[in-house]
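Participant: Below are the structure tokens for one structure; questions will follow.
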Protein chains: 2
Amino acid sequence: MATIGDVARAAGVSRSTASYALSGKRSISADVRRRVEEAVRDLGYTPNAGARALATSQTMVIGLLAQFLEDEFAPAMLQYIQGVANTARELGYDILLVTEVDGTRGLRRVTDSRMVDGVVLLNVAEHDDRLPILRAASQPGALVGLPADCTGVDVFDLDFEEAGRLMVDDLHRLGHRELALVSQPEHVIERGGAYVWRLQNAAAEAARVRGITLHAIFASAHQPDVGRELHDLLDAHPGVTGLLINNEAAAAALPTVLHARGLSVPGDLSVIGRYSDEFARTFSLPYSSIESAPDRLGRMAVRQLVRRIEGEVGPDEPHVVRFVSPELVDRRSTGAPRR
Amino acid sequence: MATIGDVARAAGVSRSTASYALSGKRSISADVRRRVEEAVRDLGYTPNAGARALATSQTMVIGLLAQFLEDEFAPAMLQYIQGVANTARELGYDILLVTEVDGTRGLRRVTDSRMVDGVVLLNVAEHDDRLPILRAASQPGALVGLPADCTGVDVFDLDFEEAGRLMVDDLHRLGHRELALVSQPEHVIERGGAYVWRLQNAAAEAARVRGITLHAIFASAHQPDVGRELHDLLDAHPGVTGLLINNEAAAAALPTVLHARGLSVPGDLSVIGRYSDEFARTFSLPYSSIESAPDRLGRMAVRQLVRRIEGEVGPDEPHVVRFVSPELVDRRSTGAPRR
DNA sequence: CTGAAAGCGCTTACAG
DNA sequence: CTGAAAGCGCTTACAG
């Protein structure tokens with residue numbers, strides 16, 4: 001592989017001149033620039049990333065910490081990953097994908113060894129083990145997901161409280177008086193997946209204020225459990241006329257369950273989910289839904305992270321906590337309650 | 001950040017001794033080893049990855065080339081990524097995820113700049129643009145997906161021909177005489193997604209041999225198109241008693257379509273898909289399916305790649321082309337044809 | 001506008 | 001068993 005020394009020799013200049021000709025960091029005579037560029041072309045020269053990182057203390061790599069947990073809905077993660085990866089590339093960064101179960105180990109490895117200039121943490125829990133490590137690291141970090149303590153990091157998340165209120169209010173307005181909310185598996189909450197109860201608590205509070213009933217259950221992330229749990233829910237609460245689904249696997253399982261029970265939407269039951277439009281179209285989820293905007297959140301996180309990395313915002317400048325407002329995508333799965 | 005020089009000073013030894021004490025590449029007195037380890041702990045020392053890469057010409061990073069194409073089914077990709085990422089980590093490697101649309105550019109960047117020790121290419125097309133670049137690179141590569149020319153690379157794929165035969169034979173044995181095969185979008189074939197026609201051709205040939213009819217169509221990767229196309233298919237061929245689905249989005253859309261038409265499975269229609277079991281359970285896909293084994297393929301590719309990287313197989317040793325045999329996971333969606 | 005030199009933080013022959 | 005030194009391939013003050 002050609003080095004900058006080879007390029008310099010071929011162009012008949014010093015290595016520093018070759019380097020400057022390529023970086024443009026000082027003025028170079030037209031003739032020299034031409035010779036250097038020619039040498040680069042002839043030799044097929046590309047700078048060695050490790051050497052450059054060593055010299056500049058910049059890797060041009062962003063660490064992406066994602067975890068695929070058994071009881072969580074892995075496919076949803078992909079859309080965040082895409083948003084992060086695409087935005088990073090647009091800004092000149094590559095992505096180091098860290099998926100190991102023990103996120104703390106992975107985070108420590110990539111920051112301590114300086115493999116990355118900054119990190120994006122996905123699926124952040126309320127008391128996330130990774131946060132103390134991130135705060136101790138010398139690289140900046142951006143989170144997707146709201147932790148209890150946001151100091152020292154930039155945070156981006158869907159406004160799950162507003163999402164919960166919106167779901168309830170929408171069905172209340174249509175005349176529903178008894179609703180059920182199907183959340184992610186209870187394990188997710190125990191692990192600190194705050195978004196589950198943030199939506200649930202807000203929905204419960206909205207129901208209380210409106211004076212209507214809301215049954216809240218947790219459901220699994222896989223068949224056959226999730227199907228059975230949906231049947232159980234409908235058996236237990238025959239008066240329910242509206243379903244709120246904050247669980248992608250449950251949304252995917254629902255059509256079959258309703259078919260088996262001979263129920264139609266929205267005639268017998270109104271349904272609102274919480275997932276991205278892309279998701280709905282890919283998996284034929286037929287219900288109106290709160291857009292979860294994963295690509296947008298990933299994009300926002302990377303943008304802010306790169307601003308920190310590149311010093312456009314000083315390290316003392318206040319960190320941001322930014323919520324994306326939920327929007328309802330109408331797929332005509334809600335209507336007046338059956339009587 | 002502490003360097004090996006800091007460690008050496010704290011331990012009262014030379015930098016080389018500190019380095020050897022950590023790598024274990026030559027014998028070190030117990031006392032020195034203890035002092036070095038203590039210094040490492042006290043200082044929180046971790047080797048700088050860029051410096052190490054420069055000195056050893058090893059990055060301990062594998063490039064993972066994945067592309068999320070508009071007309072393809074992105075979520076399936078995630079399972080390959082997980083297989084690759086987990087196996088890489090087990091073997092001590094990190095993953096650089098390259099998702100840009102122009103895979104050739106990405107591949108060239110990460111190989112030329114020596115950011116990676118080797119690469120895994122996902123979703124390889126028959127005449128894949130990335131292959132000439134990979135062959136010219138100095139790092140080894142492993143593919144998931146079968147190209148026309150396999151020279152210089154290790155190749156892993158599902159045996160799609162066998163999958164096609166298996167689907168047809170299974171329904172033929174049950175007495176079906178008119179089948180339809182729903183493939184990925186035609187764009188995928190045009191782009192060179194050979195697996196689509198490999199399965200389709202083998203299925204057609206099996207049908208020919210058995211003397212039965214097989215209608216083959218392409219369907220979209222999203223709603224609402226895919227739903228409409230399934231309806232059109234069933235309208236056009238009322239005599240069809242068995243459906244073969246080589247298209248995840250179509251498998252997800254089918255329950256709703258059949259429900260709308262009042263058809264039950266397997267009473268009115270037998271159905272066999274081609275997707276992973278994990279996928280079926282996550283998305284409530286109720287049909288028997290050929291296991292596509294994405295995690296296994298990802299794992300095999302990384303294992304072989306690392307063997308090449310680490311010189312366990314010489315560069316002249318023959319490259320492998322290995323097919324995973326399809327296995328049918330029974331979900332009771334097939335039976336005798338309606339009469 | 002250009003060059004010689006130092007330095008980034010490691011590893012590893014070479015010498016003892 | 002240990003140390004001094006060279007070298008990996010860059011970038012960037014420093015000097016002219």
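Ordering of the structure tokens sets the chain letters (A, B, ...), residue numbers begin anew at 1 in every chain, and ligands are numbered from 1 in the order given.
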Set the distance at 9 Å and use only C-alpha atoms (C1' of nucleotides): which residues neighbour Pro315 of chain A once local chain neighbours fewer than 5 positions away are removed? I'd like the list as a list of chain:residue names.
Facilitator: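 Close residues of Pro315 of chain A: A:Pro140, A:Gly152, A:Arg308.
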Participant: Only all heavy atoms, please: the residues just picked out, written as a compact mmCIF listing (two decimals), in the first residue's frame.
Facilitator:
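Once written, part_9.txt looks like this:
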# COMPACT_ATOMS: atom_id res chain seq x y z
N PRO A 140 -17.81 12.98 23.81
CA PRO A 140 -19.20 13.34 24.07
C PRO A 140 -20.15 12.21 23.68
O PRO A 140 -19.77 11.32 22.94
CB PRO A 140 -19.42 14.56 23.17
CG PRO A 140 -18.45 14.39 22.05
CD PRO A 140 -17.25 13.69 22.65
N GLY A 152 -24.61 16.16 31.46
CA GLY A 152 -23.43 15.81 30.69
C GLY A 152 -23.68 15.13 29.37
O GLY A 152 -22.73 14.74 28.69
N ARG A 308 -20.86 18.66 18.89
CA ARG A 308 -20.00 18.62 20.08
C ARG A 308 -18.59 18.15 19.72
O ARG A 308 -17.60 18.71 20.17
CB ARG A 308 -20.54 17.65 21.13
CG ARG A 308 -21.81 18.08 21.77
CD ARG A 308 -21.67 18.25 23.30
NE ARG A 308 -22.94 18.74 23.80
CZ ARG A 308 -23.12 19.91 24.40
NH1 ARG A 308 -22.11 20.71 24.66
NH2 ARG A 308 -24.32 20.27 24.79
Participant: Do me a favour and pick out the residues of chain D within 7 Å of chain B, using only C-alpha atoms (C1' of nucleotides), as a ChimeraX atom specification.
Facilitator: /D:1-3,8
Participant: Could you take the residues named above and write them with N, CA, C and O atoms (P, O5', C5', C4', C3', O3' and C1' of nucleotides), as a PDB file, in the first residue's frame?
Facilitator:
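The resulting file, result04.pdb, is shown below:
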ATOM      1  P    DC D   1      11.965 -15.628  33.084  1.00  0.00           P
ATOM      2  O5'  DC D   1      12.822 -14.305  33.286  1.00  0.00           O
ATOM      3  C5'  DC D   1      12.818 -13.589  34.501  1.00  0.00           C
ATOM      4  C4'  DC D   1      13.594 -12.354  34.250  1.00  0.00           C
ATOM      5  C3'  DC D   1      12.747 -11.178  33.751  1.00  0.00           C
ATOM      6  O3'  DC D   1      12.917 -10.075  34.650  1.00  0.00           O
ATOM      7  C1'  DC D   1      14.686 -11.495  32.382  1.00  0.00           C
ATOM      8  P    DT D   2      12.063  -8.784  34.530  1.00  0.00           P
ATOM      9  O5'  DT D   2      12.961  -7.870  33.599  1.00  0.00           O
ATOM     10  C5'  DT D   2      14.035  -7.130  34.163  1.00  0.00           C
ATOM     11  C4'  DT D   2      14.726  -6.345  33.070  1.00  0.00           C
ATOM     12  C3'  DT D   2      13.906  -5.196  32.483  1.00  0.00           C
ATOM     13  O3'  DT D   2      14.478  -3.985  32.939  1.00  0.00           O
ATOM     14  C1'  DT D   2      15.103  -6.417  30.810  1.00  0.00           C
ATOM     15  P    DG D   3      13.837  -2.544  32.597  1.00  0.00           P
ATOM     16  O5'  DG D   3      14.752  -2.058  31.384  1.00  0.00           O
ATOM     17  C5'  DG D   3      16.147  -2.314  31.446  1.00  0.00           C
ATOM     18  C4'  DG D   3      16.857  -1.591  30.323  1.00  0.00           C
ATOM     19  C3'  DG D   3      16.179  -0.303  29.854  1.00  0.00           C
ATOM     20  O3'  DG D   3      17.209   0.575  29.429  1.00  0.00           O
ATOM     21  C1'  DG D   3      16.179  -1.875  28.080  1.00  0.00           C
ATOM     22  P    DC D   8       8.680   1.747   8.811  1.00  0.00           P
ATOM     23  O5'  DC D   8       7.115   1.516   8.964  1.00  0.00           O
ATOM     24  C5'  DC D   8       6.577   0.301   9.491  1.00  0.00           C
ATOM     25  C4'  DC D   8       5.235   0.626  10.110  1.00  0.00           C
ATOM     26  C3'  DC D   8       4.531   1.795   9.436  1.00  0.00           C
ATOM     27  O3'  DC D   8       3.726   1.289   8.379  1.00  0.00           O
ATOM     28  C1'  DC D   8       4.391   1.927  11.842  1.00  0.00           C
TER      29       DC D   8
END
Participant: Can you give chain B as a compact mmCIF listing (two decimals) with C-alpha atoms, in the first residue's frame after you superpose it on chain A, pairing all C-alpha atoms in order for the least-squares fit?
Facilitator:
# COMPACT_ATOMS: atom_id res chain seq x y z
CA MET B 1 -0.02 0.00 0.04
CA ALA B 2 1.26 3.43 -0.91
CA THR B 3 2.11 5.87 1.87
CA ILE B 4 2.37 9.63 1.86
CA GLY B 5 6.11 9.12 1.51
CA ASP B 6 5.58 7.32 -1.79
CA VAL B 7 3.34 10.12 -2.97
CA ALA B 8 5.88 12.75 -1.96
CA ARG B 9 8.69 10.95 -3.77
CA ALA B 10 6.64 10.48 -6.92
CA ALA B 11 5.67 14.16 -6.88
CA GLY B 12 9.20 15.29 -6.07
CA VAL B 13 8.23 17.13 -2.89
CA SER B 14 8.56 16.60 0.86
CA ARG B 15 6.08 14.58 2.84
CA SER B 16 4.78 17.66 4.59
CA THR B 17 4.12 19.39 1.30
CA ALA B 18 2.28 16.34 0.04
CA SER B 19 0.22 16.29 3.20
CA TYR B 20 -0.62 19.98 2.96
CA ALA B 21 -1.45 19.66 -0.72
CA LEU B 22 -4.03 17.04 0.20
CA SER B 23 -5.48 18.76 3.24
CA GLY B 24 -5.44 22.24 1.74
CA LYS B 25 -4.32 23.63 5.08
CA ARG B 26 -1.77 25.93 3.55
CA SER B 27 -1.35 27.44 0.12
CA ILE B 28 0.36 25.30 -2.45
CA SER B 29 1.57 26.26 -5.92
CA ALA B 30 -0.64 25.06 -8.70
CA ASP B 31 2.17 23.02 -10.16
CA VAL B 32 2.95 21.15 -6.95
CA ARG B 33 -0.71 20.51 -6.30
CA ARG B 34 -1.08 18.99 -9.75
CA ARG B 35 1.94 16.74 -9.31
CA VAL B 36 0.76 15.55 -5.92
CA GLU B 37 -2.73 14.83 -7.17
CA GLU B 38 -1.29 12.91 -10.08
CA ALA B 39 0.89 10.85 -7.78
CA VAL B 40 -2.10 10.10 -5.58
CA ARG B 41 -4.04 8.88 -8.59
CA ASP B 42 -1.18 6.85 -10.02
CA LEU B 43 -0.39 5.15 -6.74
CA GLY B 44 -3.98 4.78 -5.60
CA TYR B 45 -3.06 6.45 -2.36
CA THR B 46 -5.48 6.58 0.59
CA PRO B 47 -4.35 7.83 3.99
CA ASN B 48 -3.99 5.19 6.67
CA ALA B 49 -6.81 5.79 9.13
CA GLY B 50 -4.92 4.54 12.17
CA ALA B 51 -1.93 6.75 11.49
CA ARG B 52 -4.13 9.75 10.92
CA ALA B 53 -6.08 9.06 14.10
CA LEU B 54 -2.84 8.85 16.03
CA ALA B 55 -1.58 12.12 14.65
CA THR B 56 -4.81 14.09 14.92
CA SER B 57 -6.58 12.42 17.85
CA GLN B 58 -9.60 12.14 15.60
CA THR B 59 -10.92 8.84 14.35
CA MET B 60 -13.90 10.09 12.34
CA VAL B 61 -15.79 7.18 13.83
CA ILE B 62 -18.88 7.30 16.02
CA GLY B 63 -19.70 4.45 18.37
CA LEU B 64 -23.27 3.23 18.16
CA LEU B 65 -24.33 1.32 21.27
CA ALA B 66 -27.32 -0.86 20.57
CA GLN B 67 -28.49 -3.86 22.48
CA PHE B 68 -30.77 -6.58 21.25
CA LEU B 69 -32.48 -7.84 24.33
CA GLU B 70 -34.39 -11.11 24.30
CA ASP B 71 -37.64 -9.61 25.54
CA GLU B 72 -37.54 -6.47 23.49
CA PHE B 73 -38.56 -5.86 19.94
CA ALA B 74 -35.32 -5.98 17.99
CA PRO B 75 -36.58 -4.99 14.54
CA ALA B 76 -37.62 -1.53 15.71
CA MET B 77 -33.97 -0.90 16.55
CA LEU B 78 -33.03 -1.12 12.91
CA GLN B 79 -34.70 2.13 12.00
CA TYR B 80 -32.76 4.03 14.64
CA ILE B 81 -29.58 2.42 13.37
CA GLN B 82 -30.36 3.52 9.85
CA GLY B 83 -31.02 7.09 10.92
CA VAL B 84 -27.78 7.19 12.85
CA ALA B 85 -25.70 5.52 10.15
CA ASN B 86 -26.98 7.65 7.30
CA THR B 87 -26.56 10.92 9.15
CA ALA B 88 -23.10 9.99 10.36
CA ARG B 89 -21.98 9.22 6.84
CA GLU B 90 -23.37 12.51 5.54
CA LEU B 91 -21.23 14.27 8.10
CA GLY B 92 -18.12 12.26 7.25
CA TYR B 93 -18.20 9.72 10.06
CA ASP B 94 -18.21 5.95 10.07
CA ILE B 95 -20.10 3.81 12.58
CA LEU B 96 -18.65 1.33 15.01
CA LEU B 97 -21.57 -0.87 15.98
CA VAL B 98 -21.38 -2.21 19.51
CA THR B 99 -24.10 -4.74 20.29
CA GLU B 100 -22.75 -6.82 23.11
CA VAL B 101 -25.18 -7.62 25.89
CA ASP B 102 -22.98 -5.96 28.48
CA GLY B 103 -23.20 -2.43 27.13
CA THR B 104 -20.94 -1.06 29.85
CA ARG B 105 -18.04 -3.23 28.77
CA GLY B 106 -18.51 -2.31 25.14
CA LEU B 107 -18.78 1.38 25.89
CA ARG B 108 -15.70 1.34 28.05
CA ARG B 109 -13.72 -0.54 25.43
CA VAL B 110 -14.43 1.79 22.56
CA THR B 111 -14.04 5.01 24.53
CA ASP B 112 -10.96 4.06 26.55
CA SER B 113 -9.11 2.75 23.52
CA ARG B 114 -10.15 5.87 21.60
CA MET B 115 -11.67 3.96 18.76
CA VAL B 116 -14.40 6.60 18.51
CA ASP B 117 -14.80 10.37 18.69
CA GLY B 118 -18.17 10.15 20.36
CA VAL B 119 -21.02 7.74 20.99
CA VAL B 120 -24.75 7.41 20.47
CA LEU B 121 -26.57 5.29 23.03
CA LEU B 122 -29.80 3.68 21.88
CA ASN B 123 -32.61 2.44 24.07
CA VAL B 124 -31.44 4.29 27.17
CA ALA B 125 -32.94 3.09 30.46
CA GLU B 126 -33.98 5.28 33.35
CA HIS B 127 -30.95 4.38 35.43
CA ASP B 128 -28.72 3.24 32.63
CA ASP B 129 -25.48 1.51 33.67
CA ARG B 130 -23.76 3.01 30.71
CA LEU B 131 -24.24 6.62 31.77
CA PRO B 132 -21.61 6.78 34.53
CA ILE B 133 -19.10 5.34 32.08
CA LEU B 134 -20.09 7.78 29.40
CA ARG B 135 -19.74 10.73 31.79
CA ALA B 136 -16.27 9.57 32.78
CA ALA B 137 -15.23 9.18 29.15
CA SER B 138 -13.47 11.99 27.34
CA GLN B 139 -15.73 11.72 24.31
CA PRO B 140 -19.16 13.32 24.12
CA GLY B 141 -22.32 11.24 23.96
CA ALA B 142 -25.87 11.61 22.69
CA LEU B 143 -28.76 9.49 23.90
CA VAL B 144 -31.92 8.25 22.30
CA GLY B 145 -34.15 7.64 25.30
CA LEU B 146 -34.66 9.66 28.47
CA PRO B 147 -32.73 8.75 31.62
CA ALA B 148 -33.49 10.06 35.09
CA ASP B 149 -30.30 12.12 35.12
CA CYS B 150 -29.42 13.97 31.94
CA THR B 151 -26.32 15.80 33.10
CA GLY B 152 -23.40 15.79 30.73
CA VAL B 153 -25.21 14.28 27.76
CA ASP B 154 -27.52 15.39 24.98
CA VAL B 155 -30.85 13.61 25.05
CA PHE B 156 -33.44 12.94 22.36
CA ASP B 157 -36.68 11.08 22.73
CA LEU B 158 -40.26 10.85 21.63
CA ASP B 159 -42.62 12.68 23.97
CA PHE B 160 -44.18 9.52 25.33
CA GLU B 161 -46.33 11.37 27.85
CA GLU B 162 -47.91 13.37 25.09
CA ALA B 163 -48.32 10.17 23.09
CA GLY B 164 -50.24 8.55 25.94
CA ARG B 165 -52.51 11.57 26.34
CA LEU B 166 -53.09 11.80 22.61
CA MET B 167 -54.20 8.19 22.34
CA VAL B 168 -56.67 8.51 25.20
CA ASP B 169 -58.02 11.89 24.19
CA ASP B 170 -58.58 10.74 20.63
CA LEU B 171 -60.74 7.82 21.66
CA HIS B 172 -62.46 9.78 24.41
CA ARG B 173 -63.48 12.38 21.87
CA LEU B 174 -65.05 9.64 19.74
CA GLY B 175 -67.15 8.59 22.71
CA HIS B 176 -65.18 5.67 24.16
CA ARG B 177 -65.47 5.15 27.90
CA GLU B 178 -63.57 1.91 28.51
CA LEU B 179 -60.11 1.43 27.02
CA ALA B 180 -57.23 -1.00 27.35
CA LEU B 181 -53.54 -0.21 26.94
CA VAL B 182 -51.18 -2.99 25.87
CA SER B 183 -47.60 -2.15 26.83
CA GLN B 184 -44.24 -3.77 26.28
CA PRO B 185 -43.32 -6.75 28.46
CA GLU B 186 -43.04 -5.99 32.15
CA HIS B 187 -39.38 -6.99 32.01
CA VAL B 188 -38.74 -3.91 29.95
CA ILE B 189 -40.02 -1.70 32.75
CA GLU B 190 -38.09 -3.60 35.37
CA ARG B 191 -34.96 -3.03 33.38
CA GLY B 192 -35.76 0.65 33.44
CA GLY B 193 -37.36 1.14 30.04
CA ALA B 194 -38.94 4.38 31.21
CA TYR B 195 -40.80 5.03 27.98
CA VAL B 196 -43.21 2.24 28.80
CA TRP B 197 -44.51 3.75 32.00
CA ARG B 198 -44.13 7.31 30.79
CA LEU B 199 -46.74 6.58 28.14
CA GLN B 200 -48.78 4.42 30.47
CA ASN B 201 -48.87 6.88 33.36
CA ALA B 202 -49.81 9.75 31.11
CA ALA B 203 -52.56 7.66 29.53
CA ALA B 204 -53.87 6.66 32.96
CA GLU B 205 -53.86 10.25 34.11
CA ALA B 206 -55.67 11.40 30.98
CA ALA B 207 -58.27 8.68 31.51
CA ARG B 208 -58.70 9.73 35.13
CA VAL B 209 -59.20 13.35 34.16
CA ARG B 210 -61.74 12.37 31.52
CA GLY B 211 -63.46 10.07 33.95
CA ILE B 212 -63.07 6.97 31.81
CA THR B 213 -61.69 3.50 32.48
CA LEU B 214 -58.26 2.35 31.31
CA HIS B 215 -57.07 -1.22 31.80
CA ALA B 216 -53.30 -1.49 31.47
CA ILE B 217 -51.53 -4.75 30.72
CA PHE B 218 -48.09 -5.86 29.65
CA ALA B 219 -47.69 -8.23 26.73
CA SER B 220 -44.85 -10.33 25.39
CA ALA B 221 -42.63 -9.58 22.42
CA HIS B 222 -43.20 -12.94 20.70
CA GLN B 223 -45.75 -15.49 19.64
CA PRO B 224 -47.38 -17.55 20.89
CA ASP B 225 -47.43 -15.68 24.20
CA VAL B 226 -48.52 -12.33 22.87
CA GLY B 227 -51.50 -13.81 21.05
CA ARG B 228 -52.72 -15.57 24.14
CA GLU B 229 -52.31 -12.46 26.25
CA LEU B 230 -54.42 -10.43 23.84
CA HIS B 231 -57.16 -13.04 23.99
CA ASP B 232 -56.99 -13.00 27.78
CA LEU B 233 -57.32 -9.25 27.81
CA LEU B 234 -60.41 -9.26 25.63
CA ASP B 235 -61.91 -12.09 27.68
CA ALA B 236 -61.30 -10.27 30.93
CA HIS B 237 -62.71 -6.93 29.80
CA PRO B 238 -65.62 -7.46 27.43
CA GLY B 239 -66.65 -3.84 27.83
CA VAL B 240 -63.52 -2.47 26.22
CA THR B 241 -64.22 -0.59 22.99
CA GLY B 242 -60.79 0.88 22.31
CA LEU B 243 -57.30 -0.59 22.31
CA LEU B 244 -54.06 1.34 22.69
CA ILE B 245 -51.01 -0.66 21.61
CA ASN B 246 -47.56 0.37 22.80
CA ASN B 247 -45.98 -2.92 21.75
CA GLU B 248 -45.08 -3.71 18.14
CA ALA B 249 -45.35 -7.47 18.50
CA ALA B 250 -48.86 -7.06 19.90
CA ALA B 251 -49.82 -4.84 16.99
CA ALA B 252 -48.61 -7.54 14.60
CA ALA B 253 -50.50 -10.24 16.49
CA LEU B 254 -53.77 -8.35 16.84
CA PRO B 255 -55.29 -8.91 13.36
CA THR B 256 -55.21 -12.67 13.82
CA VAL B 257 -56.65 -12.45 17.31
CA LEU B 258 -59.49 -10.22 16.19
CA HIS B 259 -60.15 -12.43 13.20
CA ALA B 260 -60.42 -15.46 15.46
CA ARG B 261 -62.93 -13.62 17.64
CA GLY B 262 -64.90 -12.31 14.69
CA LEU B 263 -64.25 -8.69 15.64
CA SER B 264 -63.82 -5.96 13.07
CA VAL B 265 -61.98 -2.66 13.29
CA PRO B 266 -63.23 -0.01 13.85
CA GLY B 267 -66.78 -1.42 13.92
CA ASP B 268 -66.34 -3.53 17.02
CA LEU B 269 -63.11 -2.11 18.33
CA SER B 270 -61.07 1.05 17.77
CA VAL B 271 -57.30 0.61 17.76
CA ILE B 272 -54.35 3.03 17.97
CA GLY B 273 -50.74 1.87 17.94
CA ARG B 274 -47.37 3.48 18.46
CA TYR B 275 -44.85 2.66 15.74
CA SER B 276 -43.38 4.20 12.66
CA ASP B 277 -45.16 4.55 9.37
CA GLU B 278 -42.35 2.68 7.64
CA PHE B 279 -43.00 -0.15 10.03
CA ALA B 280 -46.72 -0.15 9.40
CA ARG B 281 -46.25 -0.37 5.66
CA THR B 282 -43.64 -3.08 5.85
CA PHE B 283 -45.55 -5.32 8.22
CA SER B 284 -49.06 -4.55 7.09
CA LEU B 285 -50.05 -3.15 10.47
CA PRO B 286 -53.47 -1.75 9.69
CA TYR B 287 -53.96 0.55 12.67
CA SER B 288 -53.69 4.28 13.08
CA SER B 289 -50.55 5.00 15.01
CA ILE B 290 -48.46 7.51 16.85
CA GLU B 291 -45.38 7.99 14.68
CA SER B 292 -42.34 7.01 16.70
CA ALA B 293 -39.96 8.82 14.33
CA PRO B 294 -36.91 6.59 14.82
CA ASP B 295 -34.99 7.92 11.84
CA ARG B 296 -35.58 11.48 12.94
CA LEU B 297 -34.40 10.79 16.48
CA GLY B 298 -31.29 9.02 15.22
CA ARG B 299 -30.59 11.93 12.93
CA MET B 300 -31.01 14.54 15.67
CA ALA B 301 -28.73 12.62 18.03
CA VAL B 302 -25.92 12.37 15.48
CA ARG B 303 -26.21 15.99 14.41
CA GLN B 304 -25.83 17.23 17.95
CA LEU B 305 -23.08 14.74 18.71
CA VAL B 306 -21.04 15.87 15.75
CA ARG B 307 -21.48 19.49 16.78
CA ARG B 308 -19.97 18.59 20.14
CA ILE B 309 -17.18 16.53 18.61
CA GLU B 310 -16.22 19.31 16.29
CA GLY B 311 -16.35 21.90 19.03
CA GLU B 312 -19.17 23.93 17.52
CA VAL B 313 -20.71 23.86 20.96
CA GLY B 314 -18.28 24.26 23.82
CA PRO B 315 -18.01 21.50 26.40
CA ASP B 316 -19.52 23.85 28.97
CA GLU B 317 -22.41 24.81 26.83
CA PRO B 318 -25.63 23.45 28.28
CA HIS B 319 -26.68 20.02 27.13
CA VAL B 320 -30.01 19.65 25.44
CA VAL B 321 -33.00 17.45 26.18
CA ARG B 322 -35.25 17.45 23.19
CA PHE B 323 -38.57 15.72 22.67
CA VAL B 324 -40.17 14.91 19.35
CA SER B 325 -43.89 15.60 19.40
CA PRO B 326 -45.98 12.57 18.57
CA GLU B 327 -48.15 12.76 15.49
CA LEU B 328 -51.05 10.53 14.73
CA VAL B 329 -51.03 8.78 11.36
CA ASP B 330 -54.62 8.00 10.46
CA ARG B 331 -55.30 4.54 9.05
CA ARG B 332 -59.04 4.61 9.77
CA SER B 333 -58.96 2.18 12.66
CA THR B 334 -60.90 4.38 15.05
CA GLY B 335 -64.54 5.35 15.17
CA ALA B 336 -67.47 5.63 17.50
CA PRO B 337 -67.68 2.80 20.03
CA ARG B 338 -70.04 -0.11 19.38
CA ARG B 339 -73.14 0.05 21.49
